[in-house]
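Okay, so here's the structure we're looking at.
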Amino acid sequence: MARTFQVGDTFTHVRECDLYRPIYYAGASGDFNPIHIDPEVGKVAGLGGVILQGLCTLGWAVEAVAVFVGDPGRIRRVKVRFSRPVRPEDTVTFEGKVTSIEGNRMVTEVTATNQRGEAVLKGAVVEASLG
């Protein structure tokens with residue numbers, strides 16, 4: 001039986017940025033910017049050390065919605081603004097809410113905060129098809 005969704009439905013997804021995640025993501029994405037893999041470069045750049053690639057954080061937000069709808073192939077559109085870097089050993093909690101359903105399209109708003117309650121993404125909107 002197909003799952004039904006309603007405006008107001010919520011979901012939560014948690015991801016931990018382990019010490020090696022920026023290196024793994026660099027290998028997978030080809031983004032070897034030194035701020036992601038060399039702590040000294042991150043310090044010189046004023047970041048306090050290595051930071052996770054923003055697109056990895058974005059990927060986790062999309063993953064949150066994909067898990068909620070049950071199929072990553074249903075994701076249709078993503079909009080987001082990066083507001084704070086994710087660092088190794090951060091735990092990011094993604095909380096989403098269905099804000100509208102029109103025809104076969106569902107719109108969700110997703111917040112992402114680290115373990116200190118700081119927003120790492122703002123204005124995240126992920127749209128998915130329902131079938």
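Identifiers in the structure tokens: chain A, B, ... in order shown; residue index from 1 per chain; ligand index from 1 in order shown.
Non-sequential neighbours of Arg74 of chain A (distance at most 8 Å, separation of 4 or more positions within a chain, only C-alpha atoms) are Ala66, Val69, Ala128, Ser129, Leu130 and Gly131 of chain A.
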Once you have the residues from the selection above, write them out as an mmCIF file, in the first residue's frame, restricted to C-alpha atoms.
data_model
loop_
_atom_site.group_PDB
_atom_site.id
_atom_site.type_symbol
_atom_site.label_atom_id
_atom_site.label_comp_id
_atom_site.auth_asym_id
_atom_site.auth_seq_id
_atom_site.Cartn_x
_atom_site.Cartn_y
_atom_site.Cartn_z
ATOM 1 C CA ALA A 66 14.508 10.794 0.316
ATOM 2 C CA VAL A 69 9.388 9.690 0.936
ATOM 3 C CA ALA A 128 9.531 15.513 -4.207
ATOM 4 C CA SER A 129 7.074 13.743 -6.462
ATOM 5 C CA LEU A 130 4.548 11.491 -4.804
ATOM 6 C CA GLY A 131 4.418 8.748 -7.360
#
key: Residue list (alpha helix (DSSP H), DSSP) for segment 5-125 of chain A, as a PyMOL selection string   = chain A and resi 21-29+34-37+39-44+54-69
Go ahead and save the residues from that selection, with N, CA, C and O atoms, as a short mmCIF file (atom, residue, chain, number, x, y, z; two decimals), in the first residue's frame.
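Everything below was put into result01.cif:
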data_model
loop_
_atom_site.label_atom_id
_atom_site.label_comp_id
_atom_site.auth_asym_id
_atom_site.auth_seq_id
_atom_site.Cartn_x
_atom_site.Cartn_y
_atom_site.Cartn_z
N ARG A 21 35.16 12.14 7.34
CA ARG A 21 34.11 12.44 6.35
C ARG A 21 34.56 13.44 5.29
O ARG A 21 34.31 13.24 4.11
N PRO A 22 35.25 14.56 5.65
CA PRO A 22 35.69 15.48 4.59
C PRO A 22 36.66 14.81 3.59
O PRO A 22 36.63 15.12 2.40
N ILE A 23 37.46 13.89 4.07
CA ILE A 23 38.39 13.19 3.18
C ILE A 23 37.63 12.21 2.29
O ILE A 23 37.86 12.15 1.07
N TYR A 24 36.70 11.46 2.87
CA TYR A 24 35.88 10.54 2.07
C TYR A 24 35.12 11.31 1.00
O TYR A 24 35.06 10.90 -0.16
N TYR A 25 34.52 12.44 1.41
CA TYR A 25 33.73 13.21 0.46
C TYR A 25 34.62 13.82 -0.62
O TYR A 25 34.22 13.90 -1.78
N ALA A 26 35.82 14.22 -0.25
CA ALA A 26 36.76 14.75 -1.26
C ALA A 26 37.03 13.70 -2.32
O ALA A 26 37.02 13.99 -3.52
N GLY A 27 37.26 12.47 -1.88
CA GLY A 27 37.52 11.40 -2.84
C GLY A 27 36.32 11.12 -3.73
O GLY A 27 36.46 10.87 -4.92
N ALA A 28 35.12 11.15 -3.15
CA ALA A 28 33.91 10.85 -3.92
C ALA A 28 33.54 11.98 -4.87
O ALA A 28 33.05 11.75 -5.97
N SER A 29 33.78 13.22 -4.44
CA SER A 29 33.32 14.38 -5.21
C SER A 29 34.40 15.03 -6.06
O SER A 29 34.10 15.80 -6.96
N PRO A 34 41.90 22.48 -0.03
CA PRO A 34 42.65 22.21 1.21
C PRO A 34 41.90 22.54 2.51
O PRO A 34 42.20 21.95 3.54
N ILE A 35 40.92 23.44 2.47
CA ILE A 35 40.18 23.74 3.71
C ILE A 35 39.37 22.54 4.18
O ILE A 35 38.93 22.50 5.33
N HIS A 36 39.18 21.56 3.30
CA HIS A 36 38.42 20.36 3.65
C HIS A 36 39.31 19.21 4.11
O HIS A 36 38.79 18.26 4.72
N ILE A 37 40.61 19.29 3.84
CA ILE A 37 41.44 18.12 4.16
C ILE A 37 42.72 18.45 4.93
O ILE A 37 43.37 17.54 5.44
N PRO A 39 44.06 20.58 8.13
CA PRO A 39 43.70 21.42 9.27
C PRO A 39 44.47 22.74 9.33
O PRO A 39 43.90 23.77 9.71
N GLU A 40 45.74 22.73 8.94
CA GLU A 40 46.52 23.97 8.99
C GLU A 40 46.01 25.01 8.00
O GLU A 40 45.95 26.19 8.31
N VAL A 41 45.62 24.57 6.82
CA VAL A 41 45.06 25.50 5.83
C VAL A 41 43.74 26.05 6.34
O VAL A 41 43.45 27.24 6.21
N GLY A 42 42.92 25.20 6.97
CA GLY A 42 41.66 25.66 7.55
C GLY A 42 41.88 26.71 8.62
O GLY A 42 41.12 27.68 8.72
N LYS A 43 42.92 26.54 9.41
CA LYS A 43 43.24 27.53 10.46
C LYS A 43 43.68 28.84 9.84
O LYS A 43 43.25 29.92 10.25
N VAL A 44 44.58 28.77 8.85
CA VAL A 44 45.08 29.98 8.18
C VAL A 44 43.93 30.73 7.51
O VAL A 44 43.91 31.96 7.48
N GLY A 54 30.25 21.77 1.77
CA GLY A 54 28.84 22.16 1.86
C GLY A 54 27.92 21.23 1.10
O GLY A 54 26.80 20.96 1.54
N LEU A 55 28.40 20.72 -0.03
CA LEU A 55 27.54 19.83 -0.81
C LEU A 55 27.29 18.51 -0.11
O LEU A 55 26.27 17.87 -0.36
N CYS A 56 28.16 18.10 0.80
CA CYS A 56 27.89 16.92 1.60
C CYS A 56 26.74 17.20 2.57
O CYS A 56 25.82 16.40 2.71
N THR A 57 26.78 18.38 3.19
CA THR A 57 25.68 18.77 4.09
C THR A 57 24.37 18.84 3.30
O THR A 57 23.33 18.36 3.76
N LEU A 58 24.42 19.42 2.12
CA LEU A 58 23.24 19.49 1.26
C LEU A 58 22.75 18.09 0.93
O LEU A 58 21.55 17.81 0.96
N GLY A 59 23.69 17.20 0.61
CA GLY A 59 23.33 15.82 0.30
C GLY A 59 22.61 15.14 1.45
O GLY A 59 21.65 14.38 1.25
N TRP A 60 23.05 15.43 2.67
CA TRP A 60 22.38 14.86 3.84
C TRP A 60 20.95 15.40 3.98
O TRP A 60 20.04 14.67 4.38
N ALA A 61 20.75 16.67 3.67
CA ALA A 61 19.41 17.26 3.73
C ALA A 61 18.49 16.57 2.71
O ALA A 61 17.34 16.23 3.01
N VAL A 62 19.01 16.36 1.52
CA VAL A 62 18.24 15.66 0.48
C VAL A 62 17.98 14.22 0.91
O VAL A 62 16.87 13.69 0.73
N GLU A 63 18.98 13.59 1.51
CA GLU A 63 18.83 12.23 2.01
C GLU A 63 17.69 12.16 3.03
O GLU A 63 16.90 11.20 3.05
N ALA A 64 17.57 13.18 3.89
CA ALA A 64 16.50 13.20 4.89
C ALA A 64 15.13 13.11 4.23
O ALA A 64 14.26 12.35 4.67
N VAL A 65 14.95 13.86 3.16
CA VAL A 65 13.67 13.84 2.45
C VAL A 65 13.51 12.53 1.68
O VAL A 65 12.42 11.94 1.67
N ALA A 66 14.57 12.05 1.06
CA ALA A 66 14.51 10.79 0.32
C ALA A 66 14.10 9.63 1.22
O ALA A 66 13.28 8.79 0.83
N VAL A 67 14.65 9.60 2.42
CA VAL A 67 14.28 8.55 3.37
C VAL A 67 12.80 8.72 3.76
O VAL A 67 12.06 7.74 3.83
N PHE A 68 12.38 9.94 3.98
CA PHE A 68 10.99 10.23 4.36
C PHE A 68 10.02 9.77 3.28
O PHE A 68 9.00 9.13 3.59
N VAL A 69 10.31 10.07 2.01
CA VAL A 69 9.39 9.69 0.94
C VAL A 69 9.61 8.26 0.47
O VAL A 69 8.78 7.70 -0.24
#
request  = Write down as a count of residues only the residues belonging to chain A that are assigned strand (DSSP E) by DSSP computed on the backbone.
outcome  = 47
task = Within 10 Å of Asp9 of chain A, counting only C-alpha atoms, which residues show up once you throw out same-chain ones fewer than 6 positions away? Write them as a ChimeraX atom specification, please.
result = /A:68,96-99,108
message = List as a ChimeraX atom specification the protein and nucleic acid residues near segment 117-121 of chain A, meaning an atom at most 7 Å away when only C-alpha atoms are counted, but skip any in the same chain fewer than 5 places from it.
response = /A:80-86,111-112
task = Tell me, in Å to one decimal, how far atom CA of Thr10 of chain A is from atom CA of Phe94 of chain A.
result = 10.6 Å
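By chain and then residue number, the residues within 8 Å of Glu16 of chain A are Glu89, Asp90, Thr91 and Val92 of chain A, counting only C-alpha atoms and disregarding those fewer than 5 positions away in sequence.
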For Asn33 of chain A, the nearest of the candidates A:Gln53, A:Glu127, A:Leu19, A:Val14, counting only C-alpha atoms = A:Gln53
